[in-house]
Amino acid sequence: MPSTIVLKRRINSIRSTRQITKAMELVSASKLKRAQATAERSRAYQMLAYELLQRLSIVTEAKTHPLFMKRKVTRRLYVMITSNSGLAGAFNANINKELLNKFQSDKALGIKSQVIAVGSKGAQFVRRLEGVDLLYVYQPFGDNPSADDIRPLLNSIIEHFQNEKAEAIEIIYTSFVSTLSQQVQTLALLPVAAVEPSKHFSEISNFEPDAETVINQVSTRLVEAQLMQAVLESLASEQAARMVATRNATDNANDLINAYTQELNTARQSAITQELAEITGGAEALNEL
């Protein structure tokens, strides 16, 4: 059994750690409330933007637009959204696992994989892989990202696709479901996937001033809406995962403190019992003299 001094040091160390994890839990809970509200508020717009992109993709004039052109896929670019820091449970690990599965599928099909990483955790993972090109690394966009914040990433993605450096671009991110549930999602960003008009909606026929002008002006903004929503979903998911992870760490710290306190009390009781036994033994020895 460890000495009482060692046990006291362990208890004090765990208490210090518990203070940190408790503070991180409270901070994450505060950020989660705002991030969740932002992500949920913009979902309807993102879904409508994606539907509009699909509508535009079946227009004749869109088939020759750089963002809608479909080519044989020999290089695929993945935009993975992770965090810069840990203590977020399986948030980063799930993204890395999904990306690895995509790499293996592409390799089997003879497709070259490329990556743009948002967050250092994803970049660290990709650097350890062979045969994968890590093109750019972007820092996370903060707690309240704006369109201006993500525009450099958007421009890099569009430029990469228009210059035919990749024939397909996908975003891998974590979608927020609830505080206890987040799901990894893969969104095909470019080229825009077309749908059969007869199954969903008829081809748009009236444009003002004309179809080419409308497509040129709105296509980039609609793609931006998909990217922005992925960033917002990832932010809410990260805060939820971190809040749960730090709460679990705090609970584990409490359990360890209770266990070590009980062990400390047992050690103290043993020491007192031993001292009493020694005193009693000494008194009996004196009485025998």
# chains A, B, ... in the order shown; residues from 1 in each chain; ligands from 1
$ select_by_dssp --residues "range 1-89 of chain A" --states "helix (DSSP H, G or I)" --output "VMD selection string"
chain A and resid 4 to 57 60 to 64
$ residues_around --residues "range 32-39 of chain A" --least-positions-apart "2" --cutoff "6 Å" --atoms "only C-alpha atoms" --output "number ranges by chain"
A: 28-30, 41-42, 232-233, 236, 239
$ residues_around --residues "range 79-91 of chain A" --least-positions-apart "6" --cutoff "9 Å" --atoms "only C-alpha atoms" --output "JSON list (two decimals) with N, CA and C atoms, in the first residue's frame"
[["chain", "number", "residue", "atom", "x", "y", "z"],
["A", 99, "LEU", "N", -11.77, 9.20, -43.39],
["A", 99, "LEU", "CA", -10.84, 9.59, -44.46],
["A", 99, "LEU", "C", -9.99, 8.40, -44.89],
["A", 114, "GLN", "N", -6.06, 13.48, -52.59],
["A", 114, "GLN", "CA", -5.48, 14.74, -52.14],
["A", 114, "GLN", "C", -6.31, 15.27, -50.96],
["A", 115, "VAL", "N", -5.67, 16.07, -50.11],
["A", 115, "VAL", "CA", -6.34, 16.53, -48.90],
["A", 115, "VAL", "C", -6.06, 18.01, -48.66],
["A", 116, "ILE", "N", -7.11, 18.73, -48.27],
["A", 116, "ILE", "CA", -6.99, 20.04, -47.63],
["A", 116, "ILE", "C", -7.51, 19.86, -46.22],
["A", 117, "ALA", "N", -6.65, 20.11, -45.24],
["A", 117, "ALA", "CA", -7.00, 19.88, -43.84],
["A", 117, "ALA", "C", -7.34, 21.20, -43.16],
["A", 118, "VAL", "N", -8.46, 21.21, -42.47],
["A", 118, "VAL", "CA", -8.83, 22.32, -41.60],
["A", 118, "VAL", "C", -8.64, 21.83, -40.17],
["A", 119, "GLY", "N", -7.64, 22.38, -39.48],
["A", 119, "GLY", "CA", -7.30, 21.92, -38.14],
["A", 119, "GLY", "C", -6.04, 21.08, -38.15],
["A", 120, "SER", "N", -5.20, 21.26, -37.14],
["A", 120, "SER", "CA", -3.90, 20.58, -37.10],
["A", 120, "SER", "C", -4.01, 19.09, -36.84],
["A", 121, "LYS", "N", -5.07, 18.65, -36.15],
["A", 121, "LYS", "CA", -5.21, 17.23, -35.85],
["A", 121, "LYS", "C", -5.35, 16.40, -37.13],
["A", 122, "GLY", "N", -6.13, 16.89, -38.06],
["A", 122, "GLY", "CA", -6.26, 16.19, -39.34],
["A", 122, "GLY", "C", -4.97, 16.22, -40.13],
["A", 123, "ALA", "N", -4.28, 17.36, -40.11],
["A", 123, "ALA", "CA", -3.03, 17.48, -40.85],
["A", 123, "ALA", "C", -1.97, 16.52, -40.30],
["A", 139, "GLN", "N", -6.16, 26.82, -40.38],
["A", 139, "GLN", "CA", -6.51, 26.83, -38.98],
["A", 139, "GLN", "C", -8.04, 26.85, -38.83],
["A", 140, "PRO", "N", -8.58, 26.31, -37.73],
["A", 140, "PRO", "CA", -10.03, 26.41, -37.50],
["A", 140, "PRO", "C", -10.49, 27.85, -37.53],
["A", 157, "ILE", "N", -10.50, 25.76, -53.11],
["A", 157, "ILE", "CA", -11.25, 24.60, -53.60],
["A", 157, "ILE", "C", -11.70, 24.83, -55.04],
["A", 169, "ILE", "N", -14.46, 16.74, -55.66],
["A", 169, "ILE", "CA", -14.11, 17.31, -54.35],
["A", 169, "ILE", "C", -15.21, 16.95, -53.36],
["A", 170, "GLU", "N", -14.80, 16.42, -52.21],
["A", 170, "GLU", "CA", -15.74, 16.04, -51.17],
["A", 170, "GLU", "C", -15.32, 16.65, -49.83],
["A", 171, "ILE", "N", -16.31, 16.95, -48.99],
["A", 171, "ILE", "CA", -16.06, 17.46, -47.65],
["A", 171, "ILE", "C", -16.38, 16.36, -46.65],
["A", 172, "ILE", "N", -15.45, 16.12, -45.73],
["A", 172, "ILE", "CA", -15.68, 15.18, -44.64],
["A", 172, "ILE", "C", -15.77, 15.98, -43.35],
["A", 173, "TYR", "N", -16.91, 15.93, -42.70],
["A", 173, "TYR", "CA", -17.12, 16.74, -41.50],
["A", 173, "TYR", "C", -18.02, 15.97, -40.54],
["A", 174, "THR", "N", -18.23, 16.52, -39.37],
["A", 174, "THR", "CA", -19.09, 15.89, -38.36],
["A", 174, "THR", "C", -20.37, 16.69, -38.23],
["A", 182, "GLN", "N", -23.03, 12.68, -32.59],
["A", 182, "GLN", "CA", -22.52, 13.41, -33.75],
["A", 182, "GLN", "C", -22.13, 12.38, -34.81],
["A", 184, "VAL", "N", -20.34, 11.45, -38.61],
["A", 184, "VAL", "CA", -19.44, 11.85, -39.69],
["A", 184, "VAL", "C", -20.19, 11.80, -41.01],
["A", 230, "ALA", "N", -21.01, 23.01, -43.35],
["A", 230, "ALA", "CA", -20.13, 21.96, -42.86],
["A", 230, "ALA", "C", -19.25, 22.47, -41.73],
["A", 231, "VAL", "N", -18.76, 23.71, -41.86],
["A", 231, "VAL", "CA", -17.93, 24.31, -40.82],
["A", 231, "VAL", "C", -18.75, 24.52, -39.54],
["A", 234, "SER", "N", -19.48, 21.19, -37.82],
["A", 234, "SER", "CA", -18.28, 20.67, -37.18],
["A", 234, "SER", "C", -17.98, 21.41, -35.88],
["A", 235, "LEU", "N", -18.20, 22.72, -35.88],
["A", 235, "LEU", "CA", -17.95, 23.51, -34.68],
["A", 235, "LEU", "C", -18.87, 23.08, -33.54],
["A", 237, "SER", "N", -20.39, 20.19, -33.25],
["A", 237, "SER", "CA", -20.05, 18.82, -32.88],
["A", 237, "SER", "C", -18.80, 18.77, -32.01],
["A", 238, "GLU", "N", -17.82, 19.60, -32.34],
["A", 238, "GLU", "CA", -16.59, 19.63, -31.55],
["A", 238, "GLU", "C", -16.86, 20.07, -30.11],
["A", 239, "GLN", "N", -17.66, 21.11, -29.95],
["A", 239, "GLN", "CA", -17.95, 21.59, -28.60],
["A", 239, "GLN", "C", -18.76, 20.57, -27.81],
["A", 240, "ALA", "N", -19.68, 19.88, -28.48],
["A", 240, "ALA", "CA", -20.46, 18.85, -27.79],
["A", 240, "ALA", "C", -19.56, 17.69, -27.37],
["A", 241, "ALA", "N", -18.69, 17.25, -28.27],
["A", 241, "ALA", "CA", -17.78, 16.15, -27.95],
["A", 241, "ALA", "C", -16.83, 16.53, -26.82],
["A", 242, "ARG", "N", -16.34, 17.77, -26.85],
["A", 242, "ARG", "CA", -15.41, 18.21, -25.80],
["A", 242, "ARG", "C", -16.13, 18.34, -24.46],
["A", 243, "MET", "N", -17.36, 18.83, -24.47],
["A", 243, "MET", "CA", -18.10, 18.96, -23.22],
["A", 243, "MET", "C", -18.32, 17.59, -22.59],
["A", 244, "VAL", "N", -18.72, 16.61, -23.40],
["A", 244, "VAL", "CA", -18.97, 15.26, -22.87],
["A", 244, "VAL", "C", -17.66, 14.63, -22.39],
["A", 245, "ALA", "N", -16.58, 14.81, -23.17],
["A", 245, "ALA", "CA", -15.30, 14.21, -22.79],
["A", 245, "ALA", "C", -14.76, 14.80, -21.49],
["A", 246, "THR", "N", -14.84, 16.11, -21.34],
["A", 246, "THR", "CA", -14.34, 16.73, -20.10],
["A", 246, "THR", "C", -15.25, 16.41, -18.92]]
$ residues_around --residues "Asp106 in chain A" --least-positions-apart "3" --cutoff "12 Å" --atoms "only C-alpha atoms" --output "VMD selection string"
chain A and resid 73 to 78 99 to 103 109 to 114 131 to 132 168
$ atom_distance --atom1 "CA of Pro191 in chain A" --atom2 "CA of Gln229 in chain A"
17.7 Å
$ closest_residue --among "A:Gln217, A:Gln226, A:Asn206, A:Ser146" --to "Tyr45 in chain A" --atoms "only C-alpha atoms"
A:Gln226
$ select_by_dssp --residues "range 22-253 of chain A" --states "strand (DSSP E or B)" --output "ChimeraX atom specification"
/A:75-81,112-118,132-138,168-178,181-190
$ write_last_selection --atoms "C-alpha atoms" --output "PDB file, in the first residue's frame"
ATOM      1  CA  ARG A  75      -7.796  12.605 -58.626  1.00  0.00           C
ATOM      2  CA  ARG A  76     -10.134  13.255 -55.742  1.00  0.00           C
ATOM      3  CA  LEU A  77      -9.719  16.104 -53.260  1.00  0.00           C
ATOM      4  CA  TYR A  78     -10.976  15.722 -49.688  1.00  0.00           C
ATOM      5  CA  VAL A  79     -11.584  18.688 -47.396  1.00  0.00           C
ATOM      6  CA  MET A  80     -11.451  17.329 -43.849  1.00  0.00           C
ATOM      7  CA  ILE A  81     -12.582  19.469 -40.910  1.00  0.00           C
ATOM      8  CA  LYS A 112      -5.142   9.635 -56.509  1.00  0.00           C
ATOM      9  CA  SER A 113      -6.145  11.133 -53.144  1.00  0.00           C
ATOM     10  CA  GLN A 114      -5.485  14.743 -52.140  1.00  0.00           C
ATOM     11  CA  VAL A 115      -6.344  16.532 -48.902  1.00  0.00           C
ATOM     12  CA  ILE A 116      -6.990  20.041 -47.635  1.00  0.00           C
ATOM     13  CA  ALA A 117      -7.002  19.882 -43.843  1.00  0.00           C
ATOM     14  CA  VAL A 118      -8.831  22.317 -41.603  1.00  0.00           C
ATOM     15  CA  VAL A 132      -1.539  11.044 -50.096  1.00  0.00           C
ATOM     16  CA  ASP A 133      -0.897  14.675 -51.032  1.00  0.00           C
ATOM     17  CA  LEU A 134      -1.558  17.202 -48.270  1.00  0.00           C
ATOM     18  CA  LEU A 135      -2.092  20.398 -50.254  1.00  0.00           C
ATOM     19  CA  TYR A 136      -3.014  23.021 -47.641  1.00  0.00           C
ATOM     20  CA  VAL A 137      -3.582  23.290 -43.903  1.00  0.00           C
ATOM     21  CA  TYR A 138      -6.041  25.872 -42.588  1.00  0.00           C
ATOM     22  CA  ALA A 168     -14.104  15.497 -57.697  1.00  0.00           C
ATOM     23  CA  ILE A 169     -14.110  17.314 -54.349  1.00  0.00           C
ATOM     24  CA  GLU A 170     -15.737  16.041 -51.170  1.00  0.00           C
ATOM     25  CA  ILE A 171     -16.062  17.464 -47.646  1.00  0.00           C
ATOM     26  CA  ILE A 172     -15.683  15.177 -44.639  1.00  0.00           C
ATOM     27  CA  TYR A 173     -17.120  16.736 -41.500  1.00  0.00           C
ATOM     28  CA  THR A 174     -19.087  15.894 -38.361  1.00  0.00           C
ATOM     29  CA  SER A 175     -22.796  16.659 -38.401  1.00  0.00           C
ATOM     30  CA  PHE A 176     -24.367  17.702 -35.105  1.00  0.00           C
ATOM     31  CA  VAL A 177     -27.317  15.518 -34.101  1.00  0.00           C
ATOM     32  CA  SER A 178     -27.490  16.056 -30.357  1.00  0.00           C
ATOM     33  CA  SER A 181     -24.602  12.082 -30.858  1.00  0.00           C
ATOM     34  CA  GLN A 182     -22.523  13.407 -33.750  1.00  0.00           C
ATOM     35  CA  GLN A 183     -22.211  11.690 -37.117  1.00  0.00           C
ATOM     36  CA  VAL A 184     -19.439  11.854 -39.687  1.00  0.00           C
ATOM     37  CA  GLN A 185     -20.784  12.972 -43.060  1.00  0.00           C
ATOM     38  CA  THR A 186     -19.304  13.082 -46.553  1.00  0.00           C
ATOM     39  CA  LEU A 187     -20.705  15.720 -48.903  1.00  0.00           C
ATOM     40  CA  ALA A 188     -19.930  15.678 -52.626  1.00  0.00           C
ATOM     41  CA  LEU A 189     -19.180  19.354 -53.195  1.00  0.00           C
ATOM     42  CA  LEU A 190     -17.960  19.480 -56.789  1.00  0.00           C
TER      43      LEU A 190
END
$ closest_atom_pairs --of "range 215-242 of chain A" --to "range 49-57 of chain A" --cutoff "8 Å" --atoms "only C-alpha atoms" --output "Markdown table"
| residue | atom | partner | partner_atom | distance |
| --- | --- | --- | --- | --- |
| A:Ile215 | CA | A:Leu56 | CA | 7.2 |
| A:Ser219 | CA | A:Leu53 | CA | 7.0 |
| A:Leu222 | CA | A:Ala49 | CA | 5.5 |
| A:Val223 | CA | A:Tyr50 | CA | 7.9 |
| A:Ala225 | CA | A:Ala49 | CA | 6.8 |
| A:Gln226 | CA | A:Tyr50 | CA | 7.2 |
$ write_last_selection --atoms "C-alpha atoms" --output "compact mmCIF listing (two decimals), in the first residue's frame"
# COMPACT_ATOMS: atom_id res chain seq x y z
CA ILE A 215 -25.50 30.43 -63.13
CA SER A 219 -23.20 28.95 -58.32
CA LEU A 222 -24.44 28.22 -53.36
CA VAL A 223 -21.28 26.12 -53.09
CA ALA A 225 -23.34 27.74 -48.41
CA GLN A 226 -22.48 24.02 -48.40
$ residues_around --residues "range 10-25 of chain A" --least-positions-apart "5" --cutoff "7 Å" --atoms "only C-alpha atoms" --output "ChimeraX atom specification"
/A:243,246-247,249-250,253,257,260
$ closest_residue --among "A:Ala44, A:Leu67, A:Ile272, A:Leu7" --to "Ala166 in chain A" --atoms "only C-alpha atoms"
A:Leu67
$ atom_distance --atom1 "CA of Val192 in chain A" --atom2 "CA of Lys97 in chain A"
25.1 Å
$ atom_distance --atom1 "CA of Asp251 in chain A" --atom2 "CA of Ala93 in chain A"
22.4 Å
$ closest_residue --among "A:Glu164, A:Glu212, A:Asp148, A:Glu275" --to "Thr64 in chain A" --atoms "only C-alpha atoms"
A:Glu212
$ closest_residue --among "A:Leu48, A:Pro66, A:Thr4, A:Arg221" --to "Gln262 in chain A" --atoms "only C-alpha atoms"
A:Thr4
$ decode --residues "range 119-159 of chain A" --atoms "N, CA and C atoms" --output "mmCIF file, in the first residue's frame"
data_model
loop_
_atom_site.group_PDB
_atom_site.id
_atom_site.type_symbol
_atom_site.label_atom_id
_atom_site.label_comp_id
_atom_site.auth_asym_id
_atom_site.auth_seq_id
_atom_site.Cartn_x
_atom_site.Cartn_y
_atom_site.Cartn_z
ATOM 1 N N GLY A 119 -7.636 22.381 -39.478
ATOM 2 C CA GLY A 119 -7.301 21.916 -38.141
ATOM 3 C C GLY A 119 -6.039 21.077 -38.148
ATOM 4 N N SER A 120 -5.200 21.256 -37.142
ATOM 5 C CA SER A 120 -3.901 20.584 -37.102
ATOM 6 C C SER A 120 -4.015 19.089 -36.836
ATOM 7 N N LYS A 121 -5.070 18.648 -36.151
ATOM 8 C CA LYS A 121 -5.206 17.231 -35.853
ATOM 9 C C LYS A 121 -5.349 16.404 -37.128
ATOM 10 N N GLY A 122 -6.132 16.887 -38.065
ATOM 11 C CA GLY A 122 -6.259 16.189 -39.336
ATOM 12 C C GLY A 122 -4.974 16.220 -40.133
ATOM 13 N N ALA A 123 -4.284 17.364 -40.113
ATOM 14 C CA ALA A 123 -3.025 17.476 -40.846
ATOM 15 C C ALA A 123 -1.974 16.518 -40.300
ATOM 16 N N GLN A 124 -1.904 16.377 -38.986
ATOM 17 C CA GLN A 124 -0.953 15.447 -38.384
ATOM 18 C C GLN A 124 -1.228 14.013 -38.811
ATOM 19 N N PHE A 125 -2.494 13.662 -38.938
ATOM 20 C CA PHE A 125 -2.853 12.308 -39.362
ATOM 21 C C PHE A 125 -2.465 12.073 -40.817
ATOM 22 N N VAL A 126 -2.763 13.022 -41.687
ATOM 23 C CA VAL A 126 -2.492 12.842 -43.115
ATOM 24 C C VAL A 126 -0.991 12.773 -43.377
ATOM 25 N N ARG A 127 -0.200 13.531 -42.619
ATOM 26 C CA ARG A 127 1.253 13.519 -42.827
ATOM 27 C C ARG A 127 1.865 12.148 -42.575
ATOM 28 N N ARG A 128 1.192 11.320 -41.796
ATOM 29 C CA ARG A 128 1.731 9.987 -41.505
ATOM 30 C C ARG A 128 1.347 8.958 -42.565
ATOM 31 N N LEU A 129 0.514 9.350 -43.519
ATOM 32 C CA LEU A 129 0.071 8.424 -44.551
ATOM 33 C C LEU A 129 0.946 8.520 -45.785
ATOM 34 N N GLU A 130 1.113 7.409 -46.452
ATOM 35 C CA GLU A 130 1.909 7.370 -47.678
ATOM 36 C C GLU A 130 0.987 7.436 -48.894
ATOM 37 N N GLY A 131 1.461 8.091 -49.931
ATOM 38 C CA GLY A 131 0.715 8.159 -51.178
ATOM 39 C C GLY A 131 -0.428 9.145 -51.181
ATOM 40 N N VAL A 132 -0.464 10.046 -50.193
ATOM 41 C CA VAL A 132 -1.539 11.044 -50.096
ATOM 42 C C VAL A 132 -0.916 12.438 -50.099
ATOM 43 N N ASP A 133 -1.421 13.311 -50.934
ATOM 44 C CA ASP A 133 -0.897 14.675 -51.032
ATOM 45 C C ASP A 133 -1.669 15.599 -50.094
ATOM 46 N N LEU A 134 -0.972 16.186 -49.139
ATOM 47 C CA LEU A 134 -1.558 17.202 -48.270
ATOM 48 C C LEU A 134 -1.267 18.559 -48.899
ATOM 49 N N LEU A 135 -2.295 19.176 -49.479
ATOM 50 C CA LEU A 135 -2.092 20.398 -50.254
ATOM 51 C C LEU A 135 -1.996 21.633 -49.364
ATOM 52 N N TYR A 136 -2.970 21.833 -48.490
ATOM 53 C CA TYR A 136 -3.014 23.021 -47.641
ATOM 54 C C TYR A 136 -3.490 22.628 -46.250
ATOM 55 N N VAL A 137 -3.101 23.443 -45.273
ATOM 56 C CA VAL A 137 -3.582 23.290 -43.903
ATOM 57 C C VAL A 137 -4.125 24.635 -43.454
ATOM 58 N N TYR A 138 -5.396 24.653 -43.081
ATOM 59 C CA TYR A 138 -6.041 25.872 -42.588
ATOM 60 C C TYR A 138 -6.318 25.724 -41.100
ATOM 61 N N GLN A 139 -6.164 26.818 -40.384
ATOM 62 C CA GLN A 139 -6.514 26.826 -38.979
ATOM 63 C C GLN A 139 -8.044 26.855 -38.834
ATOM 64 N N PRO A 140 -8.583 26.308 -37.727
ATOM 65 C CA PRO A 140 -10.031 26.406 -37.496
ATOM 66 C C PRO A 140 -10.494 27.854 -37.527
ATOM 67 N N PHE A 141 -11.748 28.056 -37.873
ATOM 68 C CA PHE A 141 -12.256 29.399 -38.158
ATOM 69 C C PHE A 141 -12.842 30.114 -36.950
ATOM 70 N N GLY A 142 -12.540 29.646 -35.748
ATOM 71 C CA GLY A 142 -12.996 30.346 -34.553
ATOM 72 C C GLY A 142 -14.394 29.938 -34.149
ATOM 73 N N ASP A 143 -14.890 30.594 -33.109
ATOM 74 C CA ASP A 143 -16.181 30.235 -32.539
ATOM 75 C C ASP A 143 -17.359 30.849 -33.289
ATOM 76 N N ASN A 144 -17.101 31.867 -34.089
ATOM 77 C CA ASN A 144 -18.180 32.532 -34.824
ATOM 78 C C ASN A 144 -17.707 32.846 -36.246
ATOM 79 N N PRO A 145 -17.535 31.807 -37.080
ATOM 80 C CA PRO A 145 -16.986 32.029 -38.424
ATOM 81 C C PRO A 145 -17.952 32.796 -39.321
ATOM 82 N N SER A 146 -17.387 33.553 -40.218
ATOM 83 C CA SER A 146 -18.172 34.306 -41.195
ATOM 84 C C SER A 146 -17.783 33.868 -42.599
ATOM 85 N N ALA A 147 -18.510 34.380 -43.579
ATOM 86 C CA ALA A 147 -18.209 34.047 -44.971
ATOM 87 C C ALA A 147 -16.816 34.532 -45.356
ATOM 88 N N ASP A 148 -16.397 35.661 -44.818
ATOM 89 C CA ASP A 148 -15.053 36.168 -45.112
ATOM 90 C C ASP A 148 -13.981 35.241 -44.569
ATOM 91 N N ASP A 149 -14.254 34.567 -43.455
ATOM 92 C CA ASP A 149 -13.270 33.670 -42.854
ATOM 93 C C ASP A 149 -13.026 32.443 -43.724
ATOM 94 N N ILE A 150 -14.087 31.901 -44.305
ATOM 95 C CA ILE A 150 -13.930 30.673 -45.083
ATOM 96 C C ILE A 150 -13.647 30.932 -46.561
ATOM 97 N N ARG A 151 -13.693 32.200 -46.976
ATOM 98 C CA ARG A 151 -13.517 32.485 -48.405
ATOM 99 C C ARG A 151 -12.159 32.056 -48.952
ATOM 100 N N PRO A 152 -11.042 32.208 -48.206
ATOM 101 C CA PRO A 152 -9.769 31.688 -48.738
ATOM 102 C C PRO A 152 -9.819 30.194 -49.012
ATOM 103 N N LEU A 153 -10.463 29.432 -48.132
ATOM 104 C CA LEU A 153 -10.617 27.992 -48.360
ATOM 105 C C LEU A 153 -11.502 27.738 -49.570
ATOM 106 N N LEU A 154 -12.599 28.466 -49.680
ATOM 107 C CA LEU A 154 -13.495 28.311 -50.821
ATOM 108 C C LEU A 154 -12.783 28.605 -52.126
ATOM 109 N N ASN A 155 -12.003 29.684 -52.155
ATOM 110 C CA ASN A 155 -11.275 30.042 -53.376
ATOM 111 C C ASN A 155 -10.265 28.970 -53.763
ATOM 112 N N SER A 156 -9.609 28.380 -52.761
ATOM 113 C CA SER A 156 -8.639 27.313 -53.044
ATOM 114 C C SER A 156 -9.335 26.099 -53.646
ATOM 115 N N ILE A 157 -10.504 25.764 -53.110
ATOM 116 C CA ILE A 157 -11.248 24.601 -53.604
ATOM 117 C C ILE A 157 -11.700 24.830 -55.045
ATOM 118 N N ILE A 158 -12.298 25.985 -55.296
ATOM 119 C CA ILE A 158 -12.815 26.272 -56.639
ATOM 120 C C ILE A 158 -11.681 26.366 -57.651
ATOM 121 N N GLU A 159 -10.597 27.026 -57.268
ATOM 122 C CA GLU A 159 -9.451 27.141 -58.174
ATOM 123 C C GLU A 159 -8.882 25.763 -58.501
#
